[in-house]
$ cat structure_10.tsv   # TSV, C-alpha atoms (C1' of nucleotides)
chain	number	residue	atom	x	y	z
A	1	MET	CA	-3.11	12.87	1.99
A	2	ASN	CA	-3.78	10.80	-1.07
A	3	ALA	CA	-3.65	12.40	-4.51
A	4	THR	CA	-6.64	10.34	-5.66
A	5	PRO	CA	-8.89	9.66	-2.71
A	6	ARG	CA	-12.04	8.85	-4.75
A	7	TRP	CA	-14.07	7.60	-1.83
A	8	LEU	CA	-17.45	6.18	-2.62
A	9	ASN	CA	-20.40	8.51	-2.61
A	10	PRO	CA	-23.17	7.76	-0.12
A	11	GLU	CA	-25.33	5.84	-2.58
A	12	GLN	CA	-22.45	3.71	-3.72
A	13	GLN	CA	-21.42	3.08	-0.16
A	14	ALA	CA	-24.94	2.12	0.78
A	15	ALA	CA	-25.16	-0.31	-2.10
A	16	TRP	CA	-21.84	-1.91	-1.26
A	17	ASP	CA	-22.45	-2.15	2.47
A	18	GLY	CA	-25.93	-3.51	2.00
A	19	PHE	CA	-24.79	-6.08	-0.48
A	20	ILE	CA	-21.94	-7.24	1.74
A	21	ARG	CA	-24.09	-7.49	4.81
A	22	MET	CA	-26.85	-9.30	2.99
A	23	GLN	CA	-24.55	-11.74	1.32
A	24	GLU	CA	-22.73	-12.55	4.56
A	25	LYS	CA	-25.87	-13.12	6.58
A	26	LEU	CA	-27.66	-15.02	3.87
A	27	ILE	CA	-24.79	-17.33	3.02
A	28	GLY	CA	-23.98	-17.80	6.69
A	29	ARG	CA	-27.51	-18.73	7.62
A	30	LEU	CA	-27.93	-21.02	4.69
A	31	SER	CA	-24.72	-22.91	5.21
A	32	ARG	CA	-25.39	-23.35	8.91
A	33	ARG	CA	-28.84	-24.74	8.09
A	34	VAL	CA	-27.52	-27.08	5.44
A	35	GLN	CA	-24.88	-28.37	7.80
A	36	ALA	CA	-27.27	-28.68	10.72
A	37	ASP	CA	-29.97	-30.69	9.05
A	38	SER	CA	-28.15	-32.72	6.50
A	39	ARG	CA	-24.82	-33.32	8.18
A	40	MET	CA	-23.19	-32.11	4.97
A	41	SER	CA	-21.21	-28.96	4.38
A	42	PRO	CA	-22.22	-26.62	1.55
A	43	ALA	CA	-19.07	-27.75	-0.23
A	44	ASP	CA	-20.13	-31.38	0.03
A	45	TYR	CA	-23.53	-30.39	-1.26
A	46	ILE	CA	-22.42	-28.63	-4.39
A	47	VAL	CA	-19.84	-31.24	-5.29
A	48	LEU	CA	-22.26	-34.09	-4.87
A	49	ALA	CA	-25.00	-32.18	-6.68
A	50	LYS	CA	-22.88	-31.48	-9.73
A	51	LEU	CA	-21.37	-34.93	-9.70
A	52	THR	CA	-24.64	-36.84	-9.56
A	53	GLU	CA	-26.19	-34.42	-12.03
A	54	ALA	CA	-23.48	-35.54	-14.42
A	55	GLY	CA	-24.11	-39.20	-13.85
A	56	GLY	CA	-22.21	-39.81	-10.63
A	57	ARG	CA	-18.83	-40.42	-12.24
A	58	MET	CA	-16.45	-37.82	-13.58
A	59	ARG	CA	-12.83	-37.04	-14.21
A	60	PHE	CA	-11.35	-35.00	-11.41
A	61	MET	CA	-10.45	-32.01	-13.52
A	62	ASP	CA	-13.78	-31.93	-15.31
A	63	LEU	CA	-15.51	-31.79	-11.98
A	64	THR	CA	-13.16	-29.10	-10.79
A	65	LYS	CA	-13.89	-26.96	-13.84
A	66	LEU	CA	-17.59	-27.62	-13.59
A	67	VAL	CA	-17.83	-26.14	-10.14
A	68	GLU	CA	-15.21	-23.52	-10.97
A	69	TRP	CA	-12.85	-24.31	-8.13
A	70	GLU	CA	-9.12	-24.48	-7.88
A	71	LYS	CA	-7.78	-27.98	-8.22
A	72	SER	CA	-6.14	-27.88	-4.83
A	73	ARG	CA	-9.43	-27.05	-3.20
A	74	MET	CA	-11.14	-29.87	-4.97
A	75	SER	CA	-8.37	-32.26	-4.10
A	76	HIS	CA	-8.68	-31.51	-0.40
A	77	GLN	CA	-12.45	-31.63	-0.60
A	78	VAL	CA	-12.56	-34.94	-2.41
A	79	ALA	CA	-10.12	-36.39	0.10
A	80	ARG	CA	-12.38	-35.33	2.97
A	81	MET	CA	-15.48	-36.62	1.23
A	82	ALA	CA	-13.77	-39.91	0.47
A	83	LYS	CA	-12.87	-40.22	4.13
A	84	ARG	CA	-16.54	-39.76	4.98
A	85	GLY	CA	-17.60	-42.25	2.36
A	86	LEU	CA	-19.50	-39.85	0.10
A	87	VAL	CA	-17.33	-40.43	-2.95
A	88	SER	CA	-14.52	-42.69	-3.99
A	89	LYS	CA	-11.61	-42.38	-6.35
A	90	GLU	CA	-10.83	-44.71	-9.24
A	91	GLU	CA	-7.82	-44.84	-11.49
A	92	CYS	CA	-8.16	-43.82	-15.08
A	93	PRO	CA	-6.91	-46.38	-17.59
A	94	ASP	CA	-6.59	-43.87	-20.45
A	95	ASP	CA	-4.40	-41.46	-18.54
A	96	GLY	CA	-2.00	-42.70	-15.91
A	97	ARG	CA	-2.22	-39.47	-13.94
A	98	GLY	CA	-5.98	-39.24	-14.11
A	99	ALA	CA	-8.62	-40.05	-11.55
A	100	PHE	CA	-12.32	-40.63	-11.65
A	101	ILE	CA	-14.45	-39.34	-8.85
A	102	VAL	CA	-17.46	-41.53	-8.19
A	103	ALA	CA	-20.44	-40.89	-5.99
A	104	THR	CA	-20.94	-43.79	-3.62
A	105	PRO	CA	-24.42	-45.07	-2.79
A	106	ALA	CA	-24.12	-43.27	0.52
A	107	GLY	CA	-23.26	-40.10	-1.38
A	108	ARG	CA	-26.24	-40.43	-3.69
A	109	GLU	CA	-28.47	-41.06	-0.76
A	110	ALA	CA	-27.10	-38.08	1.09
A	111	ILE	CA	-27.66	-35.65	-1.75
A	112	GLU	CA	-31.12	-36.94	-2.57
A	113	GLU	CA	-32.06	-36.42	1.01
A	114	ALA	CA	-30.41	-33.02	1.29
A	115	ALA	CA	-31.55	-31.47	-1.97
A	116	PRO	CA	-35.21	-30.77	-1.17
A	117	VAL	CA	-34.29	-29.42	2.23
A	118	HIS	CA	-31.70	-27.18	0.68
A	119	VAL	CA	-34.12	-25.84	-1.89
A	120	GLU	CA	-36.65	-25.22	0.82
A	121	HIS	CA	-34.18	-23.09	2.76
A	122	VAL	CA	-33.18	-21.16	-0.33
A	123	ARG	CA	-36.82	-20.46	-0.97
A	124	ARG	CA	-37.61	-19.54	2.58
A	125	LEU	CA	-34.60	-17.32	3.20
A	126	PHE	CA	-34.14	-15.75	-0.19
A	127	ILE	CA	-36.75	-16.32	-2.88
A	128	ASP	CA	-39.65	-15.53	-0.58
A	129	ALA	CA	-38.09	-12.21	0.35
A	130	LEU	CA	-38.35	-10.87	-3.16
A	131	THR	CA	-40.82	-10.38	-5.97
A	132	GLN	CA	-40.23	-11.92	-9.35
A	133	GLU	CA	-39.23	-8.55	-10.75
A	134	GLU	CA	-36.69	-8.15	-8.00
A	135	LEU	CA	-35.31	-11.60	-8.71
A	136	ASP	CA	-35.02	-10.77	-12.39
A	137	SER	CA	-33.38	-7.52	-11.55
A	138	LEU	CA	-30.88	-9.24	-9.29
A	139	ALA	CA	-30.13	-11.83	-11.94
A	140	ARG	CA	-29.44	-9.08	-14.46
A	141	ILE	CA	-27.21	-7.24	-12.02
A	142	SER	CA	-25.33	-10.39	-11.13
A	143	ASN	CA	-24.67	-11.16	-14.75
A	144	ARG	CA	-23.50	-7.63	-15.38
A	145	VAL	CA	-21.02	-7.89	-12.53
A	146	LEU	CA	-19.86	-11.30	-13.69
A	147	ALA	CA	-19.34	-10.06	-17.23
A	148	HIS	CA	-17.48	-7.05	-15.89
A	149	LEU	CA	-15.25	-9.23	-13.74
A	150	GLU	CA	-14.22	-11.31	-16.71
A	151	LYS	CA	-13.06	-8.23	-18.54
A	152	GLN	CA	-11.08	-6.90	-15.58
A	153	PRO	CA	-7.49	-7.94	-14.95
A	154	ASP	CA	-6.77	-10.24	-11.97
B	1	MET	CA	-40.97	-39.09	-4.95
B	2	ASN	CA	-41.38	-36.20	-2.59
B	3	ALA	CA	-44.81	-35.05	-1.55
B	4	THR	CA	-43.77	-31.40	-1.72
B	5	PRO	CA	-40.99	-31.05	-4.29
B	6	ARG	CA	-41.43	-27.32	-4.90
B	7	TRP	CA	-38.33	-26.93	-7.00
B	8	LEU	CA	-37.45	-23.46	-8.11
B	9	ASN	CA	-38.83	-22.30	-11.41
B	10	PRO	CA	-36.32	-21.32	-14.09
B	11	GLU	CA	-36.35	-17.62	-13.30
B	12	GLN	CA	-35.87	-18.23	-9.61
B	13	GLN	CA	-33.12	-20.69	-10.30
B	14	ALA	CA	-31.40	-18.24	-12.63
B	15	ALA	CA	-31.56	-15.51	-10.02
B	16	TRP	CA	-30.18	-17.72	-7.29
B	17	ASP	CA	-27.41	-19.26	-9.40
B	18	GLY	CA	-26.37	-15.92	-10.79
B	19	PHE	CA	-26.29	-14.34	-7.39
B	20	ILE	CA	-24.24	-17.16	-5.90
B	21	ARG	CA	-21.76	-17.18	-8.73
B	22	MET	CA	-21.37	-13.43	-8.70
B	23	GLN	CA	-20.96	-13.22	-4.99
B	24	GLU	CA	-18.37	-15.99	-4.89
B	25	LYS	CA	-16.29	-14.59	-7.69
B	26	LEU	CA	-16.52	-11.01	-6.52
B	27	ILE	CA	-15.70	-11.70	-2.90
B	28	GLY	CA	-12.97	-14.10	-3.89
B	29	ARG	CA	-11.31	-11.67	-6.22
B	30	LEU	CA	-11.58	-8.81	-3.80
B	31	SER	CA	-10.16	-10.67	-0.85
B	32	ARG	CA	-7.26	-12.01	-2.87
B	33	ARG	CA	-6.46	-8.50	-4.06
B	34	VAL	CA	-6.68	-7.04	-0.59
B	35	GLN	CA	-4.44	-9.72	0.76
B	36	ALA	CA	-1.97	-9.47	-2.09
B	37	ASP	CA	-1.35	-5.77	-2.01
B	38	SER	CA	-1.80	-4.83	1.59
B	39	ARG	CA	-0.56	-7.95	3.38
B	40	MET	CA	-3.80	-7.87	5.39
B	41	SER	CA	-6.69	-10.29	5.26
B	42	PRO	CA	-10.20	-8.95	4.68
B	43	ALA	CA	-10.91	-9.82	8.29
B	44	ASP	CA	-8.00	-7.71	9.47
B	45	TYR	CA	-9.25	-4.94	7.25
B	46	ILE	CA	-12.76	-4.76	8.55
B	47	VAL	CA	-11.75	-5.11	12.18
B	48	LEU	CA	-9.14	-2.38	11.93
B	49	ALA	CA	-11.46	-0.18	9.91
B	50	LYS	CA	-14.27	-0.35	12.44
B	51	LEU	CA	-11.89	-0.07	15.34
B	52	THR	CA	-10.06	3.02	14.14
B	53	GLU	CA	-13.34	4.53	12.97
B	54	ALA	CA	-14.43	4.31	16.57
B	55	GLY	CA	-11.30	5.95	17.90
B	56	GLY	CA	-8.90	3.04	17.94
B	57	ARG	CA	-9.92	1.68	21.32
B	58	MET	CA	-12.95	-0.38	22.16
B	59	ARG	CA	-14.31	-3.01	24.47
B	60	PHE	CA	-14.06	-6.46	22.97
B	61	MET	CA	-17.76	-7.16	22.96
B	62	ASP	CA	-18.66	-3.77	21.54
B	63	LEU	CA	-16.33	-4.39	18.65
B	64	THR	CA	-17.74	-7.86	18.17
B	65	LYS	CA	-21.28	-6.53	17.99
B	66	LEU	CA	-20.23	-3.66	15.73
B	67	VAL	CA	-18.94	-5.99	13.06
B	68	GLU	CA	-21.67	-8.51	13.80
B	69	TRP	CA	-19.42	-11.47	14.43
B	70	GLU	CA	-19.52	-14.29	16.91
B	71	LYS	CA	-17.35	-13.66	19.90
B	72	SER	CA	-15.31	-16.76	19.32
B	73	ARG	CA	-14.45	-15.60	15.85
B	74	MET	CA	-13.43	-12.21	17.11
B	75	SER	CA	-11.42	-13.75	19.88
B	76	HIS	CA	-9.39	-15.83	17.45
B	77	GLN	CA	-9.06	-12.92	15.07
B	78	VAL	CA	-7.87	-10.51	17.72
B	79	ALA	CA	-5.38	-13.07	18.97
B	80	ARG	CA	-3.92	-13.41	15.49
B	81	MET	CA	-3.86	-9.68	14.93
B	82	ALA	CA	-2.17	-9.16	18.27
B	83	LYS	CA	0.46	-11.69	17.26
B	84	ARG	CA	1.07	-9.67	14.11
B	85	GLY	CA	1.22	-6.43	16.06
B	86	LEU	CA	-1.87	-4.79	14.55
B	87	VAL	CA	-3.76	-4.48	17.82
B	88	SER	CA	-3.11	-5.04	21.48
B	89	LYS	CA	-5.23	-6.03	24.42
B	90	GLU	CA	-5.58	-4.08	27.64
B	91	GLU	CA	-7.32	-5.00	30.83
B	92	CYS	CA	-10.47	-3.20	31.80
B	93	PRO	CA	-10.41	-1.68	35.29
B	94	ASP	CA	-14.22	-1.35	35.51
B	95	ASP	CA	-14.93	-4.97	34.73
B	96	GLY	CA	-12.52	-7.67	35.76
B	97	ARG	CA	-13.50	-9.92	32.84
B	98	GLY	CA	-13.37	-7.17	30.29
B	99	ALA	CA	-10.78	-6.34	27.67
B	100	PHE	CA	-10.01	-3.33	25.56
B	101	ILE	CA	-8.82	-3.82	22.03
B	102	VAL	CA	-6.49	-1.07	20.92
B	103	ALA	CA	-5.14	-0.35	17.48
B	104	THR	CA	-1.36	-0.10	17.60
B	105	PRO	CA	0.49	2.53	15.56
B	106	ALA	CA	1.40	-0.24	13.14
B	107	GLY	CA	-2.28	-1.13	12.90
B	108	ARG	CA	-3.30	2.45	12.20
B	109	GLU	CA	-0.63	2.76	9.60
B	110	ALA	CA	-1.66	-0.50	7.97
B	111	ILE	CA	-5.30	0.48	7.65
B	112	GLU	CA	-4.57	3.97	6.41
B	113	GLU	CA	-2.43	2.50	3.73
B	114	ALA	CA	-4.87	-0.25	2.83
B	115	ALA	CA	-8.09	1.74	2.80
B	116	PRO	CA	-7.67	3.68	-0.46
B	117	VAL	CA	-6.45	0.59	-2.25
B	118	HIS	CA	-9.40	-1.35	-0.96
B	119	VAL	CA	-11.85	1.29	-2.09
B	120	GLU	CA	-10.21	1.37	-5.47
B	121	HIS	CA	-10.71	-2.35	-5.91
B	122	VAL	CA	-14.32	-2.17	-4.80
B	123	ARG	CA	-14.88	0.55	-7.33
B	124	ARG	CA	-13.06	-1.19	-10.11
B	125	LEU	CA	-14.58	-4.64	-9.62
B	126	PHE	CA	-18.07	-3.75	-8.51
B	127	ILE	CA	-19.19	-0.14	-8.66
B	128	ASP	CA	-17.92	0.38	-12.18
B	129	ALA	CA	-19.86	-2.61	-13.40
B	130	LEU	CA	-23.20	-1.03	-12.60
B	131	THR	CA	-25.20	2.11	-13.19
B	132	GLN	CA	-26.42	4.18	-10.30
B	133	GLU	CA	-29.93	2.82	-10.79
B	134	GLU	CA	-28.63	-0.69	-10.63
B	135	LEU	CA	-26.74	0.12	-7.46
B	136	ASP	CA	-29.86	1.59	-5.91
B	137	SER	CA	-31.83	-1.40	-7.00
B	138	LEU	CA	-29.30	-3.76	-5.47
B	139	ALA	CA	-29.30	-1.79	-2.24
B	140	ARG	CA	-33.07	-2.04	-2.06
B	141	ILE	CA	-33.01	-5.75	-2.75
B	142	SER	CA	-30.30	-6.32	-0.17
B	143	ASN	CA	-32.26	-4.50	2.46
B	144	ARG	CA	-35.37	-6.45	1.62
B	145	VAL	CA	-33.52	-9.71	2.05
B	146	LEU	CA	-31.95	-8.51	5.29
B	147	ALA	CA	-35.29	-7.47	6.68
B	148	HIS	CA	-36.77	-10.77	5.63
B	149	LEU	CA	-33.97	-12.69	7.30
B	150	GLU	CA	-34.58	-10.96	10.58
B	151	LYS	CA	-38.17	-12.07	10.57
B	152	GLN	CA	-37.35	-15.68	9.73
B	153	PRO	CA	-36.52	-18.21	12.43
B	154	ASP	CA	-32.91	-19.43	12.69
C	1	DA	C1'	14.44	-41.02	-29.38
C	2	DC	C1'	14.58	-37.31	-26.49
C	3	DC	C1'	13.78	-33.39	-23.94
C	4	DA	C1'	10.87	-29.21	-22.81
C	5	DG	C1'	6.77	-27.77	-21.58
C	6	DT	C1'	2.19	-28.68	-20.16
C	7	DT	C1'	-1.45	-31.05	-17.69
C	8	DG	C1'	-3.54	-33.95	-13.80
C	9	DG	C1'	-3.43	-34.28	-9.35
C	10	DT	C1'	-1.35	-34.25	-4.44
C	11	DT	C1'	0.68	-32.38	-0.34
C	12	DG	C1'	1.90	-29.45	3.67
C	13	DA	C1'	1.79	-25.30	5.97
C	14	DC	C1'	-0.87	-21.76	7.35
C	15	DG	C1'	-4.80	-18.48	8.22
C	16	DT	C1'	-9.52	-18.66	9.00
C	17	DG	C1'	-14.53	-19.88	10.88
C	18	DT	C1'	-17.51	-22.78	13.84
C	19	DC	C1'	-18.86	-25.44	17.58
C	20	DA	C1'	-18.89	-26.79	22.08
C	21	DC	C1'	-17.29	-26.06	26.14
C	22	DC	C1'	-14.94	-23.64	29.68
C	23	DC	C1'	-13.84	-20.07	33.35
C	24	DA	C1'	-14.02	-15.83	35.76
C	25	DC	C1'	-16.54	-12.15	37.13
C	26	DC	C1'	-20.83	-9.53	37.72
C	27	DC	C1'	-25.66	-9.01	39.38
C	28	DT	C1'	-29.81	-9.74	41.49
C	29	DA	C1'	-33.31	-12.20	44.44
C	30	DG	C1'	-34.08	-13.97	48.56
D	1	DC	C1'	-24.47	-12.61	52.21
D	2	DT	C1'	-24.95	-16.00	49.10
D	3	DA	C1'	-26.66	-19.00	45.36
D	4	DG	C1'	-27.71	-19.02	40.71
D	5	DG	C1'	-27.91	-17.13	36.37
D	6	DG	C1'	-26.15	-14.02	32.97
D	7	DT	C1'	-22.29	-11.84	30.63
D	8	DG	C1'	-17.31	-11.12	28.93
D	9	DG	C1'	-14.12	-13.54	26.95
D	10	DG	C1'	-10.95	-17.60	25.87
D	11	DT	C1'	-9.72	-22.39	24.17
D	12	DG	C1'	-9.17	-26.64	21.48
D	13	DA	C1'	-10.58	-29.48	17.98
D	14	DC	C1'	-11.94	-29.69	13.61
D	15	DA	C1'	-13.45	-28.38	8.65
D	16	DC	C1'	-12.32	-25.35	5.09
D	17	DG	C1'	-9.55	-22.45	1.38
D	18	DT	C1'	-5.16	-20.74	-0.49
D	19	DC	C1'	-0.58	-20.79	-1.74
D	20	DA	C1'	3.46	-22.74	-3.28
D	21	DA	C1'	5.80	-26.38	-4.28
D	22	DC	C1'	5.97	-30.87	-6.00
D	23	DC	C1'	5.66	-35.24	-8.87
D	24	DA	C1'	4.24	-38.19	-12.50
D	25	DA	C1'	2.49	-38.77	-16.82
D	26	DC	C1'	1.40	-36.95	-21.32
D	27	DT	C1'	2.34	-34.07	-25.16
D	28	DG	C1'	4.95	-31.82	-29.14
D	29	DG	C1'	8.88	-30.63	-31.80
D	30	DT	C1'	13.43	-31.67	-33.38
$ encode --input "structure_10.tsv" --output "structure tokens"
Amino acid sequence: MNATPRWLNPEQQAAWDGFIRMQEKLIGRLSRRVQADSRMSPADYIVLAKLTEAGGRMRFMDLTKLVEWEKSRMSHQVARMAKRGLVSKEECPDDGRGAFIVATPAGREAIEEAAPVHVEHVRRLFIDALTQEELDSLARISNRVLAHLEKQPD
Amino acid sequence: MNATPRWLNPEQQAAWDGFIRMQEKLIGRLSRRVQADSRMSPADYIVLAKLTEAGGRMRFMDLTKLVEWEKSRMSHQVARMAKRGLVSKEECPDDGRGAFIVATPAGREAIEEAAPVHVEHVRRLFIDALTQEELDSLARISNRVLAHLEKQPD
DNA sequence: ACCAGTTGGTTGACGTGTCACCCACCCTAG
DNA sequence: CTAGGGTGGGTGACACGTCAACCAACTGGT
């Protein structure tokens, strides 16, 4: 049929399938837990975490780059979070287009409450499954893939 | 503050952050590629792949369990795919509630066209980044996490 | 001073995933 | 045969992510 089929060999297939399955189940479980016991989505969590980590007040685009999202995604997200009272927007005097994103007291409270619970789930579902060597190995592999991705087009 | 902070140590944190970043970027890139050059979403891809692999005709719930999805998700997905002509639904004579999901000719054609491209992207973005030992190592780690998840509550 | 290009940020449409709830049909105990 | 529970499957509302287009404000060069 195809001049260059190049299917994966069994070991490669096993690695890919296993990774995909693991990642789906792990992320799925974790985000459902986060949502269930902190009434925050994973997206809320990471945005608030990075924001408060940086002092609770940031320019929109800086925040967007910090979490490595597309600006449109962040814009929608911030709008939703503002609606829920987790953050608010302020105008930027230096740049007429600009906006500051500010964590509200409710937002700070929410993340401070959610953070330990989140860490506990990460530990329980992921860290505890693996030895330190396995964790190191996974970190190395992840960085290799990340470095590879940066070199690849698209 | 907290009686049991138990934050992650630096190595654990590095492993978790690296994994999360890698997984997000990799999955993101791959699904955008799939969508861009086959006009199918990753969800379409996996459903059609599993379905045709099983002969192109399956009971709804069997398919749902095969891909390990929630039934509601599959229901929505199948509805969308039916709207796009990739699959169709048939009644089940044996069980009045039941439904068969059938891959249409267009669906078969779509997956046969998409599959090699998909594999090529997986290879280019992921497999090629790693040695065979690293792939094996990742497969082992994934299976450990999966096994651990099954033992954990929630 | 002006205009072209870039940057900061928003918007709307659309596909997707989840949750909660629903309904219809099947099955088994009594 | 019938009530009650389980199973097969659908639905509607909502949160989320992407894409493409858009607008306003800031550059820089001429």
$ closest_atom_pairs --input "structure_10.tsv" --of "chain B" --to "chain D" --cutoff "8 Å" --atoms "all atoms listed in the file" --output "CSV"
residue,atom,partner,partner_atom,distance
B:Met61,CA,D:DG8,C1',7.2
B:Lys71,CA,D:DG9,C1',7.8
B:Ser72,CA,D:DG10,C1',7.9
B:Ser75,CA,D:DG10,C1',7.1
B:Arg97,CA,D:DG8,C1',5.6
B:Gly98,CA,D:DG8,C1',5.7
B:Ala99,CA,D:DG9,C1',8.0
$ interface_residues --input "structure_10.tsv" --of "chain B" --to "chain A" --cutoff "8 Å" --atoms "only C-alpha atoms" --output "PyMOL selection string"
chain B and resi 5-8+11-12+14-16+18-19+21-23+25-26+29+116+119-120+123+125-127+129-130+132+134-139+141-146+148-149+152+154
$ atom_distance --input "structure_10.tsv" --atom1 "CA of Gln35 in chain A" --atom2 "CA of Val78 in chain A"
17.3 Å
$ closest_atom_pairs --input "structure_10.tsv" --of "chain C" --to "chain B" --cutoff "10 Å" --atoms "only C-alpha atoms (C1' of nucleotides)" --output "JSON lines"
{"residue": "C:DG15", "atom": "C1'", "partner": "B:Arg80", "partner_atom": "CA", "distance": 8.9}
{"residue": "C:DT16", "atom": "C1'", "partner": "B:Gln77", "partner_atom": "CA", "distance": 8.4}
{"residue": "C:DG17", "atom": "C1'", "partner": "B:Arg73", "partner_atom": "CA", "distance": 6.6}
{"residue": "C:DT18", "atom": "C1'", "partner": "B:Arg73", "partner_atom": "CA", "distance": 8.1}
{"residue": "C:DC19", "atom": "C1'", "partner": "B:Ser72", "partner_atom": "CA", "distance": 9.5}
{"residue": "C:DA24", "atom": "C1'", "partner": "B:Arg97", "partner_atom": "CA", "distance": 6.6}
{"residue": "C:DC25", "atom": "C1'", "partner": "B:Arg97", "partner_atom": "CA", "distance": 5.7}
{"residue": "C:DC26", "atom": "C1'", "partner": "B:Asp95", "partner_atom": "CA", "distance": 8.0}
$ atom_distance --input "structure_10.tsv" --atom1 "CA of Ala114 in chain A" --atom2 "CA of Lys50 in chain A"
13.4 Å
$ decode --input "structure_10.tsv" --residues "chain C" --atoms "C-alpha atoms (C1' of nucleotides)" --output "short mmCIF file (atom, residue, chain, number, x, y, z; two decimals), in the first residue's frame"
data_model
loop_
_atom_site.label_atom_id
_atom_site.label_comp_id
_atom_site.auth_asym_id
_atom_site.auth_seq_id
_atom_site.Cartn_x
_atom_site.Cartn_y
_atom_site.Cartn_z
"C1'" DA C 1 4.57 63.67 11.02
"C1'" DC C 2 3.18 59.55 9.22
"C1'" DC C 3 2.45 55.02 8.04
"C1'" DA C 4 3.75 49.97 8.35
"C1'" DG C 5 4.45 46.49 11.13
"C1'" DT C 6 4.36 44.53 15.60
"C1'" DT C 7 2.56 43.65 20.18
"C1'" DG C 8 -1.17 43.24 23.89
"C1'" DG C 9 -5.27 41.55 24.44
"C1'" DT C 10 -10.29 40.26 23.19
"C1'" DT C 11 -13.98 37.87 20.91
"C1'" DG C 12 -16.98 34.35 18.73
"C1'" DA C 13 -17.63 30.05 16.84
"C1'" DC C 14 -16.84 25.50 17.30
"C1'" DG C 15 -15.26 20.82 18.92
"C1'" DT C 16 -14.50 18.52 23.04
"C1'" DG C 17 -14.97 16.40 28.09
"C1'" DT C 18 -17.59 16.01 32.44
"C1'" DC C 19 -21.35 15.81 35.40
"C1'" DA C 20 -25.78 14.83 36.61
"C1'" DC C 21 -29.67 13.16 35.31
"C1'" DC C 22 -32.77 10.74 32.40
"C1'" DC C 23 -35.22 6.81 29.95
"C1'" DA C 24 -35.91 2.37 28.07
"C1'" DC C 25 -35.11 -2.22 28.34
"C1'" DC C 26 -33.39 -6.43 30.58
"C1'" DC C 27 -33.15 -9.71 34.52
"C1'" DT C 28 -33.93 -11.94 38.60
"C1'" DA C 29 -36.24 -12.89 43.16
"C1'" DG C 30 -40.23 -13.70 45.18
#
